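Asks: File run29.csv follows (CSV, C-alpha atoms):
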chain,number,residue,atom,x,y,z
H,11,MET,CA,85.6,57.0,-40.2
H,12,MET,CA,89.2,56.3,-41.4
H,13,LYS,CA,88.5,52.6,-41.4
H,14,CYS,CA,85.5,53.2,-43.7
H,15,LEU,CA,87.6,55.3,-46.0
H,16,ARG,CA,90.3,52.6,-46.1
H,17,VAL,CA,87.7,50.1,-47.2
H,18,PHE,CA,85.9,52.1,-49.8
H,19,LEU,CA,88.8,54.1,-51.4
H,20,PRO,CA,90.1,51.2,-53.5
H,21,ALA,CA,86.6,50.6,-54.8
H,22,LEU,CA,86.3,54.2,-55.8
H,23,LEU,CA,89.7,54.1,-57.5
H,24,LEU,CA,88.7,51.0,-59.4
H,25,VAL,CA,85.5,52.6,-60.7
H,26,SER,CA,87.3,55.7,-61.8
H,27,GLY,CA,90.0,53.6,-63.5
H,28,LEU,CA,87.3,51.7,-65.4
H,29,ALA,CA,85.6,54.9,-66.5
H,30,THR,CA,89.0,56.2,-67.8
H,31,VAL,CA,89.7,53.1,-69.8
H,32,LEU,CA,86.2,53.1,-71.3
H,33,ALA,CA,86.5,56.8,-72.2
H,34,GLU,CA,89.7,56.4,-74.2
H,35,SER,CA,89.3,56.8,-77.9
H,36,ALA,CA,89.8,54.0,-80.3
H,37,PRO,CA,91.7,54.0,-83.6
H,38,GLU,CA,89.4,55.1,-86.4
H,39,HIS,CA,88.1,52.7,-89.1
H,40,VAL,CA,89.3,49.5,-87.5
H,41,CYS,CA,85.8,48.2,-87.1
H,42,GLU,CA,84.6,49.3,-90.5
H,43,THR,CA,86.9,46.7,-92.1
H,44,LYS,CA,84.7,44.0,-90.5
H,45,ASN,CA,81.5,45.1,-92.4
H,46,GLY,CA,79.9,42.1,-94.0
H,47,THR,CA,81.2,39.6,-91.5
H,48,SER,CA,79.4,38.1,-88.5
H,49,CYS,CA,78.6,39.6,-85.2
H,50,GLU,CA,81.2,37.4,-83.5
H,51,ASP,CA,84.0,38.6,-85.8
H,52,CYS,CA,83.0,42.2,-85.2
H,53,LEU,CA,82.8,42.0,-81.5
H,54,LYS,CA,86.2,40.4,-81.0
H,55,ASN,CA,87.4,44.0,-80.9
H,56,VAL,CA,86.1,45.7,-77.8
H,57,THR,CA,85.9,49.1,-79.6
H,58,CYS,CA,83.3,47.8,-82.2
H,59,LEU,CA,79.6,47.9,-82.2
H,60,TRP,CA,77.4,45.5,-84.3
H,61,CYS,CA,74.1,46.7,-85.7
H,62,ILE,CA,71.7,43.9,-86.6
H,63,LYS,CA,69.4,46.2,-88.6
H,64,THR,CA,72.1,47.3,-91.0
H,65,LYS,CA,74.4,44.2,-90.5
H,66,SER,CA,77.3,46.6,-90.1
H,67,CYS,CA,80.3,46.8,-87.8
H,68,VAL,CA,81.0,50.4,-86.6
H,69,THR,CA,83.4,52.0,-84.2
H,70,TYR,CA,81.8,52.6,-80.8
H,71,PRO,CA,81.2,56.3,-80.4
H,72,VAL,CA,82.9,56.8,-77.1
H,73,LYS,CA,82.4,60.6,-77.0
H,74,THR,CA,78.6,60.2,-76.8
H,75,ILE,CA,78.6,57.4,-74.3
H,76,LEU,CA,75.4,55.9,-75.8
H,77,PRO,CA,75.3,55.3,-79.6
H,78,PRO,CA,73.0,57.7,-81.3
H,79,HIS,CA,69.7,56.3,-82.7
H,80,SER,CA,70.8,57.4,-86.2
H,81,LEU,CA,73.8,55.1,-86.0
H,82,CYS,CA,71.9,52.1,-84.7
H,83,PRO,CA,68.8,51.8,-82.5
H,84,LEU,CA,69.6,50.5,-79.0
H,85,ASP,CA,67.5,47.4,-79.3
H,86,ASP,CA,69.4,46.4,-82.5
H,87,ALA,CA,72.9,47.3,-81.2
H,88,ARG,CA,75.2,44.7,-79.9
H,89,TRP,CA,78.3,45.4,-77.9
H,90,GLY,CA,80.4,42.8,-76.1
H,91,LEU,CA,77.9,40.0,-76.5
H,92,CYS,CA,76.0,39.1,-79.7
H,93,TRP,CA,73.1,37.5,-77.9
H,94,MET,CA,72.3,40.6,-75.7
H,95,ASN,CA,71.1,43.9,-77.1
H,96,PHE,CA,72.6,47.1,-76.0
H,97,GLN,CA,69.5,48.3,-74.3
H,98,THR,CA,69.3,45.2,-72.1
H,99,LEU,CA,73.0,45.5,-71.3
H,100,ILE,CA,72.6,49.1,-70.2
H,101,ILE,CA,69.6,48.3,-68.0
H,102,THR,CA,71.4,45.2,-66.5
H,103,LEU,CA,74.6,47.2,-65.8
H,104,SER,CA,72.6,50.1,-64.3
H,105,VAL,CA,70.7,47.8,-62.0
H,106,LEU,CA,73.9,46.0,-60.9
H,107,GLY,CA,75.6,49.4,-60.4
H,108,ALA,CA,72.7,50.7,-58.3
H,109,VAL,CA,72.7,47.5,-56.2
H,110,LEU,CA,76.5,47.7,-55.7
H,111,ILE,CA,76.3,51.4,-54.7
H,112,ILE,CA,73.4,50.7,-52.3
H,113,ALA,CA,75.3,47.8,-50.8
H,114,LEU,CA,78.5,49.9,-50.4
H,115,MET,CA,76.5,52.7,-48.7
H,116,VAL,CA,74.7,50.2,-46.3
H,117,CYS,CA,78.0,48.6,-45.5
H,118,MET,CA,79.7,51.9,-44.9
H,119,ILE,CA,76.9,53.1,-42.7
H,120,ARG,CA,76.9,49.9,-40.7
H,121,CYS,CA,80.7,49.9,-40.4
H,122,CYS,CA,80.8,53.4,-39.1
H,123,LYS,CA,77.9,52.9,-36.7
H,124,CYS,CA,79.4,49.7,-35.3
H,125,GLU,CA,82.8,51.4,-34.9
H,126,ASN,CA,81.2,54.3,-33.0
H,127,PHE,CA,79.0,51.9,-31.0
H,128,GLY,CA,82.0,49.8,-30.1
H,129,SER,CA,84.0,52.7,-28.9
H,130,ASN,CA,81.1,54.0,-26.8
H,131,ARG,CA,80.7,50.6,-25.3
H,132,PHE,CA,84.4,50.4,-24.6
H,133,GLU,CA,84.4,53.8,-22.9
H,134,ALA,CA,81.4,52.8,-20.7
H,135,LYS,CA,83.2,49.6,-19.7
H,136,MET,CA,86.4,51.6,-18.8
H,137,GLN,CA,84.3,54.1,-16.8
H,138,ARG,CA,82.6,51.3,-14.9
H,139,GLU,CA,86.0,49.7,-14.1
H,140,ALA,CA,87.3,53.1,-12.9
H,141,ASN,CA,84.3,53.6,-10.6
H,142,LYS,CA,84.7,50.1,-9.1
H,143,THR,CA,88.4,50.8,-8.5
H,144,LYS,CA,87.7,54.1,-6.9
H,145,ALA,CA,85.0,52.6,-4.7
H,146,LYS,CA,87.4,49.8,-3.5
H,147,GLN,CA,90.1,52.4,-2.8
H,148,ASP,CA,87.7,54.6,-0.8
H,149,GLU,CA,86.6,51.5,1.2
H,150,ARG,CA,90.2,50.5,1.9
H,151,ARG,CA,91.0,54.1,3.0
H,152,ALA,CA,88.0,54.2,5.4
H,153,GLU,CA,89.1,50.8,6.8
H,154,MET,CA,92.7,52.0,7.3
H,155,ASN,CA,91.5,55.3,9.0
H,156,LYS,CA,89.3,53.2,11.3
H,157,ARG,CA,92.2,50.9,12.3
H,158,HIS,CA,94.4,54.0,12.9
H,159,GLN,CA,91.7,55.5,15.1
H,160,GLU,CA,91.4,52.2,17.1
H,161,ILE,CA,95.2,52.2,17.6
H,162,ARG,CA,95.2,55.8,18.7
H,163,GLN,CA,92.4,55.2,21.2
H,164,LYS,CA,94.2,52.0,22.5
H,165,TYR,CA,97.4,53.9,23.3
H,166,GLY,CA,95.7,57.1,24.4
H,167,LEU,CA,96.8,59.2,21.5
H,168,ASN,CA,93.2,60.3,20.6
H,169,GLY,CA,93.5,63.8,22.1
H,170,PRO,CA,95.5,66.8,21.1
H,171,ASN,CA,99.1,66.1,19.9
H,172,PRO,CA,101.4,66.6,22.9
H,173,TYR,CA,104.2,67.6,20.7
H,174,ALA,CA,102.2,70.4,19.0
H,175,ARG,CA,103.6,73.0,21.4
H,176,PHE,CA,107.1,72.4,20.2
H,177,SER,CA,106.3,73.4,16.6
Could you write out this file's structure as structure tokens?
Replies:
Amino acid sequence: MMKCLRVFLPALLLVSGLATVLAESAPEHVCETKNGTSCEDCLKNVTCLWCIKTKSCVTYPVKTILPPHSLCPLDDARWGLCWMNFQTLIITLSVLGAVLIIALMVCMIRCCKCENFGSNRFEAKMQREANKTKAKQDERRAEMNKRHQEIRQKYGLNGPNPYARFS
């Protein structure tokens, strides 16, 4: 789980940092001085929004996230790129964001499952090795007891211990 957090924490911080930068307010009336110019001149400043319908350059209303319809309809609004309307830009960014979030979730789930699967597999391997070692040890102990028994029988020490009466 910690491995997953180490992977996805920087991505979360990056997204929150971008949200903070986009939410900062811009100086007022900078964009309004570009009225009557072209879309390219207006959009050189990131805080500006170009409206094709009224051919005006306005300061992007950051407090409302999306520009209100009274300011400029979404299909006539341009921000960042003159050739892409704001509505298409929002849809494209939403789809890309959703794909990115789904990819991160799938990656996180696979990462955590593989990590758990690997540790379970490792534990099973260690258990098998411990069982093999124990079986070999028991086999050696039985062999040694058999040899000791043969030696005792060979020298006649199989019966009761003759020195037991001294203890």
Asks: So that I can see what lies close to Phe96 of chain H, please list as a list of chain:residue names the residues with an atom at most 7 Å from it, counting only C-alpha atoms and leaving out residues fewer than 5 positions away in the same chain.
Replies: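 Here the qualifying residues turn out to be H:Leu84, H:Asp85, H:Ala87, H:Arg88, H:Trp89.
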Asks: One decimal, Å: what's the distance from atom CA of Lys63 of chain H over to atom CA of Cys82 of chain H, could you say?
Replies: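 Answer for the atom CA of Lys63 of chain H to atom CA of Cys82 of chain H separation: 7.5 Å.
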Asks: One decimal, Å: what's the distance from atom CA of Thr57 of chain H over to atom CA of Thr74 of chain H, could you say?
Replies: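 Computing it gives 13.6 Å between the two atoms.
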Asks: Within 12 Å of (69.2, 48.1, -72.4) (coordinates as in the file), grab all the protein and nucleic acid residues, counting only C-alpha atoms, and write them out as a compact mmCIF listing (two decimals) with C-alpha atoms, keeping the file's coordinate frame.
Replies:
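And here's result24.txt as it stands now:
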# COMPACT_ATOMS: atom_id res chain seq x y z
CA LEU H 76 75.40 55.90 -75.80
CA PRO H 77 75.30 55.30 -79.60
CA PRO H 83 68.80 51.80 -82.50
CA LEU H 84 69.60 50.50 -79.00
CA ASP H 85 67.50 47.40 -79.30
CA ASP H 86 69.40 46.40 -82.50
CA ALA H 87 72.90 47.30 -81.20
CA ARG H 88 75.20 44.70 -79.90
CA TRP H 89 78.30 45.40 -77.90
CA MET H 94 72.30 40.60 -75.70
CA ASN H 95 71.10 43.90 -77.10
CA PHE H 96 72.60 47.10 -76.00
CA GLN H 97 69.50 48.30 -74.30
CA THR H 98 69.30 45.20 -72.10
CA LEU H 99 73.00 45.50 -71.30
CA ILE H 100 72.60 49.10 -70.20
CA ILE H 101 69.60 48.30 -68.00
CA THR H 102 71.40 45.20 -66.50
CA LEU H 103 74.60 47.20 -65.80
CA SER H 104 72.60 50.10 -64.30
CA VAL H 105 70.70 47.80 -62.00
Asks: One decimal, in Å: what's the spacing between atom CA of Thr69 of chain H and atom CA of Lys54 of chain H?
Replies: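 Going from atom CA of Thr69 of chain H over to atom CA of Lys54 of chain H covers 12.4 Å.
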Asks: Could you check which of H:Ala145, H:Met154, H:Cys49, H:Met136 is closest to Trp93 of chain H, using only C-alpha atoms?
Replies: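 Looking only at the distances to Trp93 of chain H, the closest residue turns out to be H:Cys49.
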Asks: List as a VMD selection string the protein and nucleic acid residues near Cys52 of chain H, meaning an atom at most 7 Å away when only C-alpha atoms are counted, but skip any in the same chain fewer than 5 places from it.
Replies: chain H and resid 41 44 58 60 67
